[in-house]
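Chemist: The following block contains the structure, expressed as structure tokens.
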Amino acid sequence: MTFSDVLRQRYRDELQALAEAGLLKQERTICSAQGAEIVVEFPEGAPHKHVVNLCSNNYLGLSSHPDVIDAAQQGLLNRGYGLSSVRFICGTQDLHHDLERRLTIFLGTEDSLLFPSCMDANAGVFEAVMGEADVLIADRLVHASIVDGMRLCKAQQDTYKHSDMAHLEEKLQFHQDKRARLIITDGVFSMDGDLARLDRIVELAQRYDAMVCVDDSHATGFIGRTGRGTHEHCGVLGRVDLITTTLGKALGGASGGCVSGRRELVEMCRQRARPYLFSNSVPPMIVAAALEVLKLVQAGTERRDKLEVNTRYWRRLLREAGFDVKPGESPIVPVMLYDARLAQLMARDLYDEGVYVVGFFFPVVPKGQARIRTQLSAAHERHHLDAAIEAFVKVGRKHAVLGKSRQELLELVGP
Amino acid sequence: MDELRQVILDYVTREYLEEGDDRVVGVDTPLISSGIVDSFSMVSLKLFLERRYSLRIPDADASTEAFDSVERIAALVERLGGVPQPAIAGARRQP
């Protein structure tokens with residue numbers, strides 16, 4: 001027996017330690033399609049519960065859109081279920097090229113390459129384009145997948161304080177002796193919901209001869225006047241060298257991601273990015289559905305406009321109720337509670353009141369920065385948000401957090 | 001405090017504390033276990049030390065334990081035979 005009792009006990013102890021530290025993740029089972037309102041079974045075996053969903057990345061409400069489902073079915077019927085191959089052997093269909101062309105046009109770049117996910121795109125892109133003589137300079141709050149991708153790359157690595165342009169400039173000066181510099185940032189930061197200062201970053205990149213890579217997963221489809229992303233919002237369309245993004249959030253929410261940008265950099269990924277080279281092709285039905293999503297997104301801005309209205313409304317409701325809300329303009333709206341236990345207790349009580357949210361705490365966010373992250377969707381109607389704020393106020397009163405400053409909230413829970 | 005520890009302490013304070021962060025960092029203050037420095041941003045410190053003291057810190061030595069206080073970092077630099085170099089352009093914020 002290779003999995004001995006000693007080994008089994010070791011893993012049990014590790015899992016127990018996670019549970020005791022309050023770090024064990026438990027999945028809640030959704031028994032409906034994704035949407036503004038979902039049916040959830042939690043804990044296992046409990047009666048199904050209808051809840052307002054404030055924690056999905058379904059920003060444009062397209063995850064269960066009938067046209068998207070229909071396009072997926074057509075893709076399945078016309079091009080089959082799977083490719084049984086990686087892209088470069090016998091796994092590239094006309095649909096893959098169509099989607100890459102459409103993404104290139106939408107993102108305003110020169111070329112695009114599909115990956116199984118944006119996690120894979122980030123895991124592969126840096127190693128493919130940067131070598132030992134180069135340096136990667138990343139914002140300290142970039143997504144975990146970027147951190148992993150950087151670790152797989154042989155280039156030197158450095159970081160700058162979150163959105164601190166003076167610090168980034170120092171780093172660019174410090175690394176002038178390298179062959180090439182690549183600045184890496186999220187477009188919208190997933191935990192705080194704030195936007196990168198891409199206009200300033202691009203300006204600095206130009207001054208110090210650096211390239212720029214943006215992970216726009218929490219932006220593609222809705223940030224910017226026509227939803228093309230943070231680069232559109234910041235007025236630097238066509239001036240960002242690499243964009244990584246996902247089909248797994250606003251763009252239908254199934255799976256898949258891409259690297260998009262300068263033609264030569266994308267081609268380097270096609271030749272060298274290991275997650276691209278050694279993963280199966282994105283399935284035809286997902287590609288077909290994503291093509292339909294792009295058509296819907298480019299046909300008009302109603303969905304991203306509604307998302308913007310919903311976000312403003314929700315922020316106002318929270319502020320007026322006395323919650324401490326991180327300022328920002330993205331549909332990621334963190335309700336700050338600072339204490340991990342308080343965030344967990346409130347998330348649990350909100351679920352009991354019919355609102356599905358999740359508490360985030362260290363190590364996902366810095367110590368003393370625990371919060372409930374709420375996320376808006378174009379699928380939300382006013383009545384969803386009105387019901388949700390009622391629950392937030394009730395639970396907020398129960399825990400006496402309304403109208404409290406950070407200091408007062410920390411004093412509330414004690415050391 | 002000797003110059004080596006002072007230089008590292010100054011760098012850590014400047015590099016990792018945000019404006020308005022009133023935490024006081026001393027030579028024995030835990031850096032990583034307290035959350036002031038995380039394993040990702042630790043690379044900046046390693047790069048600084050390598051250039052400032054003209055040395056190469058092997059990955060095996062660049063552990064979170066070895067970087068967990070100014071004192072431990074200084075001991076590592078001393079053990080690896082670091083030689084101070086002139087101040088680095090771009091390493092100090094312009095006034």
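By convention in this document, the chains of the structure tokens carry letters A, B, ... by their order, each chain's residues are numbered from 1, and ligands are numbered from 1 in the order they are shown.
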If you run DSSP on this backbone, which residues of range 133-168 of chain A come out as alpha helix (DSSP H), and could you give them as a list in words?
Modeler: Ala144, Ser145, Ile146, Val147, Asp148, Gly149, Met150, Arg151, Met165, Ala166, His167 and Leu168 of chain A
Chemist: Within 6 Å of chain B, which residues belong to chain A? Use only C-alpha atoms and report them as a VMD selection string.
Modeler: chain A and resid 158 to 159 170 173 to 174
Chemist: I'd like the neighbourhood of Ser145 in chain A as a PDB file with N, CA and C atoms, in the first residue's frame, where a residue qualifies if any of its atoms comes within 8 Å (using only C-alpha atoms), though same-chain residues fewer than 4 positions away should be ignored.
Modeler:
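Result written to around08.pdb:
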```
ATOM      1  N   MET A 119      -5.913  31.903 -16.205  1.00  0.00           N
ATOM      2  CA  MET A 119      -4.875  31.357 -15.313  1.00  0.00           C
ATOM      3  C   MET A 119      -3.750  30.764 -16.169  1.00  0.00           C
ATOM      4  N   ASP A 120      -4.119  30.016 -17.194  1.00  0.00           N
ATOM      5  CA  ASP A 120      -3.119  29.423 -18.087  1.00  0.00           C
ATOM      6  C   ASP A 120      -2.400  30.487 -18.913  1.00  0.00           C
ATOM      7  N   ASN A 122      -1.788  33.544 -18.030  1.00  0.00           N
ATOM      8  CA  ASN A 122      -0.819  34.189 -17.147  1.00  0.00           C
ATOM      9  C   ASN A 122       0.327  33.253 -16.770  1.00  0.00           C
ATOM     10  N   ALA A 123       0.021  31.976 -16.695  1.00  0.00           N
ATOM     11  CA  ALA A 123       1.075  31.013 -16.356  1.00  0.00           C
ATOM     12  C   ALA A 123       2.076  30.878 -17.505  1.00  0.00           C
ATOM     13  N   GLY A 149       2.811  32.784 -12.752  1.00  0.00           N
ATOM     14  CA  GLY A 149       3.428  32.915 -14.082  1.00  0.00           C
ATOM     15  C   GLY A 149       4.800  33.543 -13.992  1.00  0.00           C
TER      16      GLY A 149
END
```
Chemist: How many Å lie between CA of Ser405 in chain A and CA of Ser330 in chain A, rounded to one decimal?
Modeler: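 Pair CA of Ser405 in chain A / CA of Ser330 in chain A returns 22.7 Å.
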Chemist: List as a VMD selection string the protein and nucleic acid residues near Asp61 in chain B, meaning an atom at most 12 Å away when only C-alpha atoms are counted, but skip any in the same chain fewer than 4 places from it.
Modeler: chain B and resid 46 56 to 57 65 to 67 72 to 73 75 to 77 79 to 80
Chemist: Go through A:Gly224, A:Ser377, A:Lys161, A:Asp339 and flag the residue nearest Gly359 in chain A, using only C-alpha atoms for the distances.
Modeler: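 Comparing A:Gly224, A:Ser377, A:Lys161, A:Asp339 against Gly359 in chain A, the winner is A:Asp339.
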Chemist: Go through range 27-270 of chain A and collect every residue that DSSP, computed from the backbone, puts in strand (DSSP E); the answer should be as an MDAnalysis selection string.
Modeler: chainID A and resid 29:30 37:41 49:53 111:115 135:139 156:160 181:186 211:215 242:246 257:261
Chemist: Record the distance separating CA of Glu110 in chain A and CA of Glu169 in chain A, expressed in Å with one decimal.
Modeler: 27.4 Å
Chemist: Excluding Thr13 in chain B and its own-chain neighbours fewer than 6 positions away, which residues fall within 10 Å of it when counting only C-alpha atoms? Please give them as a list of chain:residue names.
Modeler: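 After dropping sequence-adjacent residues, the list is B:Asp21, B:Arg23, B:Val24, B:Val25, B:Gly26, B:Ile36.
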Chemist: Create the file for the chosen residues now, containing all heavy atoms and written as an mmCIF file, in the first residue's frame.
Modeler:
```cif
data_model
loop_
_atom_site.group_PDB
_atom_site.id
_atom_site.type_symbol
_atom_site.label_atom_id
_atom_site.label_comp_id
_atom_site.auth_asym_id
_atom_site.auth_seq_id
_atom_site.Cartn_x
_atom_site.Cartn_y
_atom_site.Cartn_z
ATOM 1 N N ASP B 21 1.291 54.573 7.204
ATOM 2 C CA ASP B 21 1.446 53.356 8.010
ATOM 3 C C ASP B 21 2.358 53.704 9.187
ATOM 4 O O ASP B 21 3.527 54.039 8.995
ATOM 5 C CB ASP B 21 2.080 52.244 7.149
ATOM 6 C CG ASP B 21 2.043 50.885 7.841
ATOM 7 O OD1 ASP B 21 2.004 50.862 9.080
ATOM 8 O OD2 ASP B 21 2.079 49.866 7.137
ATOM 9 N N ARG B 23 3.328 51.797 11.697
ATOM 10 C CA ARG B 23 4.014 50.699 12.376
ATOM 11 C C ARG B 23 5.509 51.027 12.508
ATOM 12 O O ARG B 23 6.118 51.557 11.573
ATOM 13 C CB ARG B 23 3.873 49.399 11.575
ATOM 14 C CG ARG B 23 2.507 48.750 11.757
ATOM 15 C CD ARG B 23 2.381 47.492 10.945
ATOM 16 N NE ARG B 23 2.307 47.794 9.511
ATOM 17 C CZ ARG B 23 2.063 46.881 8.581
ATOM 18 N NH1 ARG B 23 1.881 45.624 8.915
ATOM 19 N NH2 ARG B 23 2.008 47.225 7.306
ATOM 20 N N VAL B 24 6.039 50.741 13.656
ATOM 21 C CA VAL B 24 7.467 50.994 13.882
ATOM 22 C C VAL B 24 8.227 49.697 13.600
ATOM 23 O O VAL B 24 7.910 48.647 14.160
ATOM 24 C CB VAL B 24 7.719 51.456 15.337
ATOM 25 C CG1 VAL B 24 9.212 51.714 15.554
ATOM 26 C CG2 VAL B 24 6.913 52.711 15.628
ATOM 27 N N VAL B 25 9.212 49.800 12.700
ATOM 28 C CA VAL B 25 10.004 48.610 12.366
ATOM 29 C C VAL B 25 11.391 48.737 12.986
ATOM 30 O O VAL B 25 12.079 49.743 12.782
ATOM 31 C CB VAL B 25 10.122 48.447 10.830
ATOM 32 C CG1 VAL B 25 10.933 47.202 10.486
ATOM 33 C CG2 VAL B 25 8.736 48.357 10.196
ATOM 34 N N GLY B 26 11.784 47.753 13.756
ATOM 35 C CA GLY B 26 13.127 47.706 14.335
ATOM 36 C C GLY B 26 13.894 46.539 13.753
ATOM 37 O O GLY B 26 13.359 45.796 12.913
ATOM 38 N N ILE B 36 4.227 42.452 6.899
ATOM 39 C CA ILE B 36 4.799 43.690 6.336
ATOM 40 C C ILE B 36 5.362 43.399 4.935
ATOM 41 O O ILE B 36 5.183 44.158 3.995
ATOM 42 C CB ILE B 36 5.899 44.261 7.269
ATOM 43 C CG1 ILE B 36 5.277 44.728 8.587
ATOM 44 C CG2 ILE B 36 6.667 45.403 6.595
ATOM 45 C CD1 ILE B 36 6.286 45.148 9.650
#
```
Chemist: Using only C-alpha atoms, which of the listed residues (A:Ile30, A:Val142, A:Leu95, A:Ala196) sits closest to Leu76 in chain A?
Modeler: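 For Leu76 in chain A, the nearest of the given residues is A:Leu95.
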